[in-house]
Each structure stands twice: as structure tokens, then as C-alpha cells.
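Participant: Could you have a look at this structure, given as C-alpha cells, before my questions?
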Amino acid sequence: MSARAPLSKYVIRMAGIVPESYVDGPGVRYTIFVQGCPHQCSGCHNSDTWDFFGGTSFTADELLEKIAFAKKENPYLQGVTITGGEPFCQAYPLAHLAKGIKELDCDLVVYTGYILENLAEVPSAIEFLEHIDVLIDGPFVQEKKVLTLPYRGSTNQRILDKKAIEKFLRDYKLKALSSAL
Ligand code: SF4
């Protein structure tokens, strides 16, 4: 049995895959669009991903096999991007997928319509965040739309690297601990 076999129990509702993307983060990327989004941002380009009952289900195992195949076929593939839809509505299975992605030596970029401050109290979200190299957070805001922003649609969205995510989670934990004393 392969080391990844237990991941077959983690099911992810998916809207689609772009196996070679140049716009969803640095370098050449394997982009996964998850299905289901509660944010309903005005001007969203992916409104077909909003319906939580739409899309198709894949196990984390099946997705990892596809990513491993893409990486073997394309030595320039730098990493995986998970976007949506809202990835953090499926944080638990995606945390397990993310762990497998890192084992494939891919970096991981994740888009979310939540802000990091919203996610710090949710255990499955924290588990997912621990595997993310770059988080692009915040909803798309039509009034703040700028076409020339790299990797983002509107100026309110932030690009948070691993260090910034880790610092935020550390500070958040310390703050929670000190207020509990
Ligand atoms: S968070 Fe993303 S997918 Fe969801 S409505 Fe906003 S822009 Fe669309």
C-alpha cells in the first residue's frame, strides 16, 4: 500500500483544474479550483464555483496522483495553487491534500475570500495554513479593482508569505493566552 493511501478518505468538491497556469502565482503552476463559495463578491469571474452542490468530487489521493503526473511531465512546474470557490470551506480535506503537495516538493499558493484574521480561530483552517507558502486573502471588491495588480483582483487583497502567516498565528496565540490569564 502506498504511503498516501489513507488520503483516499479526504474528499474535495472541485470545480476544475488547469494543469499549466502562468497567472495564479509565481512560475508555472497546477491550479485547482474548488467548488462552493459563500462570499458572492460582486464582479466575481468564477460565479459558477459558488454552488456547494455543483462540481465533482475527487479524493486527495486522486488529486495528488494528477499533480505528481503533471510534475513528472513538466519539470518547470513550480507549485500548486488552490483557488475557488472558497478553499477554507473545505479546510480539513485540503489540509491533508496540502501536506501531500509539499511532499511532492511543490510550493503552495492559496486564495481565500476570508481575511487571515477570520481564520485564526478555526482548527482545520490553522492546520491548512501551516502548509501554505503564500496566502492571498480578502474578497474581490469591485470598487477596488485594479487590472495590473500581480496575482490579485483588487487592492484590499493581501499577499501573505509563510513568514507573515506564521508570525500572525504566533502573535494570535500569545494574545489569546495572555487574555485568558
Ligand atoms: S471569494 Fe473568489 S470565488 Fe468567491 S465570490 Fe469572491 S471572487 Fe468569487
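Starting from 1 in every chain, residues are counted up; chains themselves are A, B, ... following the order of the C-alpha cells, and ligands are numbered from 1 as listed.
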Enumerate, in order of chain and increasing residue number, the residues of chain A with an atom no farther than 8 Å from ligand 1, each with its shortest atom pair and distance in Å to one decimal, counting only C-alpha atoms and all ligand atoms, as JSON lines.

Facilitator:
{"residue": "A:Gly36", "atom": "CA", "partner": "ligand 1", "partner_atom_place_in_ligand_line": "4 (Fe)", "distance": 7.9}
{"residue": "A:Cys37", "atom": "CA", "partner": "ligand 1", "partner_atom_place_in_ligand_line": "4 (Fe)", "distance": 4.8}
{"residue": "A:Pro38", "atom": "CA", "partner": "ligand 1", "partner_atom_place_in_ligand_line": "4 (Fe)", "distance": 6.6}
{"residue": "A:His39", "atom": "CA", "partner": "ligand 1", "partner_atom_place_in_ligand_line": "5 (S)", "distance": 4.7}
{"residue": "A:Gln40", "atom": "CA", "partner": "ligand 1", "partner_atom_place_in_ligand_line": "5 (S)", "distance": 3.8}
{"residue": "A:Cys41", "atom": "CA", "partner": "ligand 1", "partner_atom_place_in_ligand_line": "5 (S)", "distance": 4.1}
{"residue": "A:Ser42", "atom": "CA", "partner": "ligand 1", "partner_atom_place_in_ligand_line": "5 (S)", "distance": 7.2}
{"residue": "A:Gly43", "atom": "CA", "partner": "ligand 1", "partner_atom_place_in_ligand_line": "7 (S)", "distance": 7.4}
{"residue": "A:Cys44", "atom": "CA", "partner": "ligand 1", "partner_atom_place_in_ligand_line": "8 (Fe)", "distance": 4.2}
{"residue": "A:His45", "atom": "CA", "partner": "ligand 1", "partner_atom_place_in_ligand_line": "8 (Fe)", "distance": 6.2}
{"residue": "A:Asn46", "atom": "CA", "partner": "ligand 1", "partner_atom_place_in_ligand_line": "8 (Fe)", "distance": 5.2}
{"residue": "A:Ser47", "atom": "CA", "partner": "ligand 1", "partner_atom_place_in_ligand_line": "8 (Fe)", "distance": 5.8}
{"residue": "A:Thr49", "atom": "CA", "partner": "ligand 1", "partner_atom_place_in_ligand_line": "3 (S)", "distance": 6.5}
{"residue": "A:Trp50", "atom": "CA", "partner": "ligand 1", "partner_atom_place_in_ligand_line": "4 (Fe)", "distance": 6.6}
{"residue": "A:Thr83", "atom": "CA", "partner": "ligand 1", "partner_atom_place_in_ligand_line": "3 (S)", "distance": 7.6}
{"residue": "A:Gly84", "atom": "CA", "partner": "ligand 1", "partner_atom_place_in_ligand_line": "3 (S)", "distance": 4.9}
{"residue": "A:Gly85", "atom": "CA", "partner": "ligand 1", "partner_atom_place_in_ligand_line": "3 (S)", "distance": 4.1}
{"residue": "A:Glu86", "atom": "CA", "partner": "ligand 1", "partner_atom_place_in_ligand_line": "4 (Fe)", "distance": 5.7}
{"residue": "A:Tyr111", "atom": "CA", "partner": "ligand 1", "partner_atom_place_in_ligand_line": "2 (Fe)", "distance": 7.7}
{"residue": "A:Thr112", "atom": "CA", "partner": "ligand 1", "partner_atom_place_in_ligand_line": "1 (S)", "distance": 6.0}
{"residue": "A:Gly113", "atom": "CA", "partner": "ligand 1", "partner_atom_place_in_ligand_line": "1 (S)", "distance": 3.8}
{"residue": "A:Tyr114", "atom": "CA", "partner": "ligand 1", "partner_atom_place_in_ligand_line": "1 (S)", "distance": 7.4}
{"residue": "A:Gly138", "atom": "CA", "partner": "ligand 1", "partner_atom_place_in_ligand_line": "1 (S)", "distance": 7.4}
{"residue": "A:Pro139", "atom": "CA", "partner": "ligand 1", "partner_atom_place_in_ligand_line": "6 (Fe)", "distance": 5.0}
{"residue": "A:Phe140", "atom": "CA", "partner": "ligand 1", "partner_atom_place_in_ligand_line": "7 (S)", "distance": 4.8}

Participant: I need the residues from that last selection saved to file as a CSV table (one decimal), in the first residue's frame (with N, CA and C atoms), if you can.

Facilitator:
chain,number,residue,atom,x,y,z
A,36,GLY,N,-17.8,25.7,-4.4
A,36,GLY,CA,-18.5,26.2,-3.3
A,36,GLY,C,-17.9,27.5,-2.7
A,37,CYS,N,-18.7,28.6,-2.7
A,37,CYS,CA,-18.1,29.8,-2.1
A,37,CYS,C,-19.3,30.6,-1.5
A,38,PRO,N,-19.1,31.0,-0.2
A,38,PRO,CA,-20.2,31.8,0.4
A,38,PRO,C,-20.1,33.3,0.2
A,39,HIS,N,-19.0,33.8,-0.4
A,39,HIS,CA,-18.8,35.2,-0.4
A,39,HIS,C,-19.6,36.0,-1.4
A,40,GLN,N,-19.8,35.4,-2.5
A,40,GLN,CA,-20.6,36.0,-3.6
A,40,GLN,C,-20.2,37.5,-3.9
A,41,CYS,N,-18.9,37.7,-4.1
A,41,CYS,CA,-18.4,39.0,-4.4
A,41,CYS,C,-19.0,39.6,-5.7
A,42,SER,N,-19.4,40.8,-5.7
A,42,SER,CA,-19.9,41.4,-6.9
A,42,SER,C,-18.8,41.5,-7.9
A,43,GLY,N,-19.0,41.1,-9.2
A,43,GLY,CA,-18.0,41.1,-10.2
A,43,GLY,C,-17.1,39.9,-10.2
A,44,CYS,N,-17.4,38.9,-9.4
A,44,CYS,CA,-16.6,37.6,-9.4
A,44,CYS,C,-16.6,37.0,-10.8
A,45,HIS,N,-15.4,36.6,-11.2
A,45,HIS,CA,-15.3,35.9,-12.5
A,45,HIS,C,-15.6,34.4,-12.4
A,46,ASN,N,-15.7,33.9,-11.2
A,46,ASN,CA,-15.9,32.4,-11.1
A,46,ASN,C,-17.2,32.1,-10.4
A,47,SER,N,-18.3,32.8,-10.8
A,47,SER,CA,-19.5,32.6,-10.1
A,47,SER,C,-20.1,31.2,-10.3
A,49,THR,N,-18.5,28.7,-9.6
A,49,THR,CA,-18.0,27.9,-8.4
A,49,THR,C,-18.7,28.1,-7.1
A,50,TRP,N,-19.8,29.0,-7.1
A,50,TRP,CA,-20.4,29.3,-5.9
A,50,TRP,C,-21.2,28.2,-5.3
A,83,THR,N,-7.6,27.6,-5.5
A,83,THR,CA,-8.4,28.8,-5.5
A,83,THR,C,-9.9,28.3,-5.7
A,84,GLY,N,-10.7,29.3,-6.0
A,84,GLY,CA,-12.1,28.8,-6.0
A,84,GLY,C,-13.0,29.6,-6.8
A,85,GLY,N,-14.2,29.5,-6.1
A,85,GLY,CA,-14.6,28.9,-4.8
A,85,GLY,C,-13.9,29.3,-3.6
A,86,GLU,N,-14.3,28.8,-2.5
A,86,GLU,CA,-13.6,29.2,-1.2
A,86,GLU,C,-12.9,28.0,-0.6
A,111,TYR,N,-5.7,31.0,-2.4
A,111,TYR,CA,-6.6,32.2,-2.4
A,111,TYR,C,-7.7,32.0,-1.5
A,112,THR,N,-8.1,33.0,-0.8
A,112,THR,CA,-9.3,32.9,0.1
A,112,THR,C,-10.0,34.3,0.1
A,113,GLY,N,-11.4,34.2,0.2
A,113,GLY,CA,-12.2,35.4,0.3
A,113,GLY,C,-12.3,35.8,1.7
A,114,TYR,N,-11.8,35.0,2.7
A,114,TYR,CA,-11.7,35.4,4.1
A,114,TYR,C,-10.4,36.2,4.3
A,138,GLY,N,-8.7,37.9,1.3
A,138,GLY,CA,-9.7,39.0,1.2
A,138,GLY,C,-10.6,38.8,0.0
A,139,PRO,N,-11.8,39.3,0.1
A,139,PRO,CA,-12.8,39.1,-1.0
A,139,PRO,C,-12.4,40.0,-2.2
A,140,PHE,N,-12.9,39.7,-3.4
A,140,PHE,CA,-12.7,40.7,-4.5
A,140,PHE,C,-13.7,41.8,-4.3

Participant: Which polymer residues have any atom within 8 Å of an atom of A:Lys144, counting only C-alpha atoms, with same-chain residues fewer than 6 positions away left out, as an NGL selection string?

Facilitator: :A and (154-156)

Participant: I want to know what sits within 12 Å of A:Gln35, based on only C-alpha atoms, with residues of the same chain fewer than 4 positions away left out; could you give that as number ranges by chain?

Facilitator: A: 11-17, 46-58, 82-90

Participant: Going by DSSP on the backbone, which bits of stretch 34-165 of chain A are strand (DSSP E or B)? Write them as an mmCIF file with C-alpha atoms, in the first residue's frame, please.

Facilitator:
data_model
loop_
_atom_site.group_PDB
_atom_site.id
_atom_site.type_symbol
_atom_site.label_atom_id
_atom_site.label_comp_id
_atom_site.auth_asym_id
_atom_site.auth_seq_id
_atom_site.Cartn_x
_atom_site.Cartn_y
_atom_site.Cartn_z
ATOM 1 C CA VAL A 34 -12.607 24.131 -5.561
ATOM 2 C CA THR A 56 -17.260 16.921 -8.988
ATOM 3 C CA SER A 57 -15.702 15.099 -6.070
ATOM 4 C CA PHE A 58 -12.110 13.854 -6.002
ATOM 5 C CA THR A 59 -10.188 12.254 -3.176
ATOM 6 C CA LEU A 77 6.110 23.094 -12.732
ATOM 7 C CA GLN A 78 6.913 25.102 -9.604
ATOM 8 C CA GLY A 79 3.899 24.566 -7.469
ATOM 9 C CA VAL A 80 0.184 24.216 -6.895
ATOM 10 C CA THR A 81 -2.410 26.942 -6.481
ATOM 11 C CA ILE A 82 -5.717 26.253 -4.768
ATOM 12 C CA THR A 83 -8.405 28.796 -5.539
ATOM 13 C CA ASP A 107 5.145 25.135 -3.215
ATOM 14 C CA LEU A 108 1.570 26.051 -2.373
ATOM 15 C CA VAL A 109 -0.365 29.259 -3.055
ATOM 16 C CA VAL A 110 -3.923 29.535 -1.728
ATOM 17 C CA TYR A 111 -6.578 32.176 -2.444
ATOM 18 C CA VAL A 134 1.638 32.181 0.072
ATOM 19 C CA LEU A 135 -1.893 33.164 1.076
ATOM 20 C CA ILE A 136 -3.779 35.741 -0.978
ATOM 21 C CA ASP A 137 -6.588 36.852 1.281
ATOM 22 C CA LYS A 145 -10.407 46.501 -8.805
ATOM 23 C CA SER A 154 -8.490 44.284 -6.015
ATOM 24 C CA ARG A 158 -3.048 40.899 0.571
ATOM 25 C CA ILE A 159 -0.184 38.638 -0.444
ATOM 26 C CA LEU A 160 0.996 36.987 2.786
ATOM 27 C CA ASP A 161 4.097 34.811 2.706
#

Participant: Contacts of A:Ile101 at 9 Å or less, counting only C-alpha atoms, minus same-chain residues fewer than 3 places along, as a list in words?

Facilitator: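 Listing them by chain and then by number gives Leu64, Ile67, Ala68, Gly79, Val80, His96, Leu97, Ala98, Leu104, Asp105, Cys106, Asp107, Leu108 and His131 of chain A.
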
Participant: Write the residues of the selection above to a file with N, CA and C atoms, as a CSV table (one decimal), in the first residue's frame.

Facilitator:
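And here is the file that came out, part13.csv:
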chain,number,residue,atom,x,y,z
A,64,LEU,N,-3.5,14.1,-5.8
A,64,LEU,CA,-2.1,14.0,-5.7
A,64,LEU,C,-1.5,13.2,-6.9
A,67,ILE,N,-1.3,15.6,-9.8
A,67,ILE,CA,-0.2,16.6,-9.6
A,67,ILE,C,1.1,15.9,-9.8
A,68,ALA,N,1.3,14.7,-9.3
A,68,ALA,CA,2.6,14.0,-9.4
A,68,ALA,C,2.9,13.7,-10.9
A,79,GLY,N,4.7,24.8,-8.6
A,79,GLY,CA,3.9,24.6,-7.5
A,79,GLY,C,2.4,24.4,-7.8
A,80,VAL,N,1.6,24.4,-6.8
A,80,VAL,CA,0.2,24.2,-6.9
A,80,VAL,C,-0.5,25.5,-6.3
A,96,HIS,N,-5.0,18.1,4.4
A,96,HIS,CA,-4.3,16.8,4.1
A,96,HIS,C,-3.8,16.8,2.7
A,97,LEU,N,-4.5,17.4,1.8
A,97,LEU,CA,-4.0,17.5,0.4
A,97,LEU,C,-2.7,18.3,0.4
A,98,ALA,N,-2.8,19.4,1.1
A,98,ALA,CA,-1.6,20.4,1.2
A,98,ALA,C,-0.4,19.7,1.7
A,104,LEU,N,5.5,16.4,-2.4
A,104,LEU,CA,5.8,16.3,-3.8
A,104,LEU,C,6.8,17.4,-4.2
A,105,ASP,N,7.3,18.2,-3.2
A,105,ASP,CA,8.3,19.2,-3.5
A,105,ASP,C,7.7,20.3,-4.3
A,106,CYS,N,6.4,20.6,-4.1
A,106,CYS,CA,5.8,21.8,-4.8
A,106,CYS,C,5.5,22.8,-3.8
A,107,ASP,N,5.6,24.1,-4.2
A,107,ASP,CA,5.1,25.1,-3.2
A,107,ASP,C,3.6,25.3,-3.4
A,108,LEU,N,3.0,26.0,-2.4
A,108,LEU,CA,1.6,26.1,-2.4
A,108,LEU,C,1.1,27.5,-2.2
A,131,HIS,N,0.6,24.7,6.0
A,131,HIS,CA,1.3,24.1,4.8
A,131,HIS,C,1.3,25.1,3.7

Participant: Apply DSSP to the backbone of this structure and, from chain A, keep only the residues in alpha helix (DSSP H); write these as a ChimeraX atom specification.

Facilitator: /A:60-73,91-103,116-119,123-129,162-180

Participant: Generate the output file for the selected residues, C-alpha atoms, as a short mmCIF file (atom, residue, chain, number, x, y, z; two decimals), in the first residue's frame.

Facilitator:
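In the end it all went to part-v8.cif:
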data_model
loop_
_atom_site.label_atom_id
_atom_site.label_comp_id
_atom_site.auth_asym_id
_atom_site.auth_seq_id
_atom_site.Cartn_x
_atom_site.Cartn_y
_atom_site.Cartn_z
CA ALA A 60 -6.94 13.86 -2.02
CA ASP A 61 -5.21 10.73 -3.33
CA GLU A 62 -6.61 11.16 -6.82
CA LEU A 63 -5.57 14.80 -6.92
CA LEU A 64 -2.07 14.03 -5.70
CA GLU A 65 -1.68 11.42 -8.42
CA LYS A 66 -2.67 14.01 -11.04
CA ILE A 67 -0.24 16.58 -9.60
CA ALA A 68 2.60 14.03 -9.42
CA PHE A 69 1.95 13.09 -13.07
CA ALA A 70 1.91 16.78 -14.13
CA LYS A 71 5.18 17.38 -12.28
CA LYS A 72 6.79 14.40 -13.97
CA GLU A 73 5.59 15.61 -17.39
CA ALA A 91 -10.07 23.34 5.02
CA TYR A 92 -9.98 19.89 6.64
CA PRO A 93 -9.54 17.74 3.49
CA LEU A 94 -7.43 20.45 1.86
CA ALA A 95 -5.03 20.49 4.83
CA HIS A 96 -4.33 16.81 4.11
CA LEU A 97 -4.01 17.46 0.38
CA ALA A 98 -1.64 20.36 1.15
CA LYS A 99 0.60 18.11 3.21
CA GLY A 100 0.85 15.69 0.26
CA ILE A 101 1.56 18.56 -2.14
CA LYS A 102 4.53 19.66 0.00
CA GLU A 103 5.82 16.07 -0.04
CA LEU A 116 -6.37 35.80 7.82
CA GLU A 117 -7.85 37.32 10.99
CA ASN A 118 -11.08 35.34 10.31
CA LEU A 119 -9.25 32.03 10.02
CA PRO A 123 -8.56 24.48 13.96
CA SER A 124 -8.89 22.99 10.46
CA ALA A 125 -8.04 26.38 8.93
CA ILE A 126 -4.91 26.64 11.09
CA GLU A 127 -3.88 23.13 10.02
CA PHE A 128 -4.32 24.14 6.37
CA LEU A 129 -2.45 27.44 6.89
CA LYS A 162 4.86 31.92 5.04
CA LYS A 163 6.74 34.14 7.50
CA ALA A 164 3.83 36.58 7.72
CA ILE A 165 1.32 33.74 8.24
CA GLU A 166 3.47 32.12 10.94
CA LYS A 167 4.03 35.45 12.72
CA PHE A 168 0.33 36.21 12.66
CA LEU A 169 -0.59 32.79 14.11
CA ARG A 170 2.13 33.06 16.79
CA ASP A 171 1.02 36.56 17.84
CA TYR A 172 -2.62 35.48 17.79
CA LYS A 173 -1.92 32.52 20.10
CA LEU A 174 0.09 34.72 22.51
CA LYS A 175 -2.69 37.29 22.60
CA ALA A 176 -5.30 34.59 23.29
CA LEU A 177 -3.10 33.11 26.04
CA SER A 178 -2.45 36.43 27.75
CA SER A 179 -6.14 37.39 27.69
CA ALA A 180 -7.01 34.00 29.26
#

Participant: Got a sec: who's within 12 Å of A:Tyr22, counting only C-alpha atoms, leaving out chain neighbours fewer than 2 positions off, as a PyMOL selection string?

Facilitator: chain A and resi 18-20+24-31+76-81+150-151

Participant: Enter the distance from atom CA of A:Gln157 to atom CA of A:Gln142, in Å, rounded to one decimal.

Facilitator: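 So the answer is 11.6 Å.
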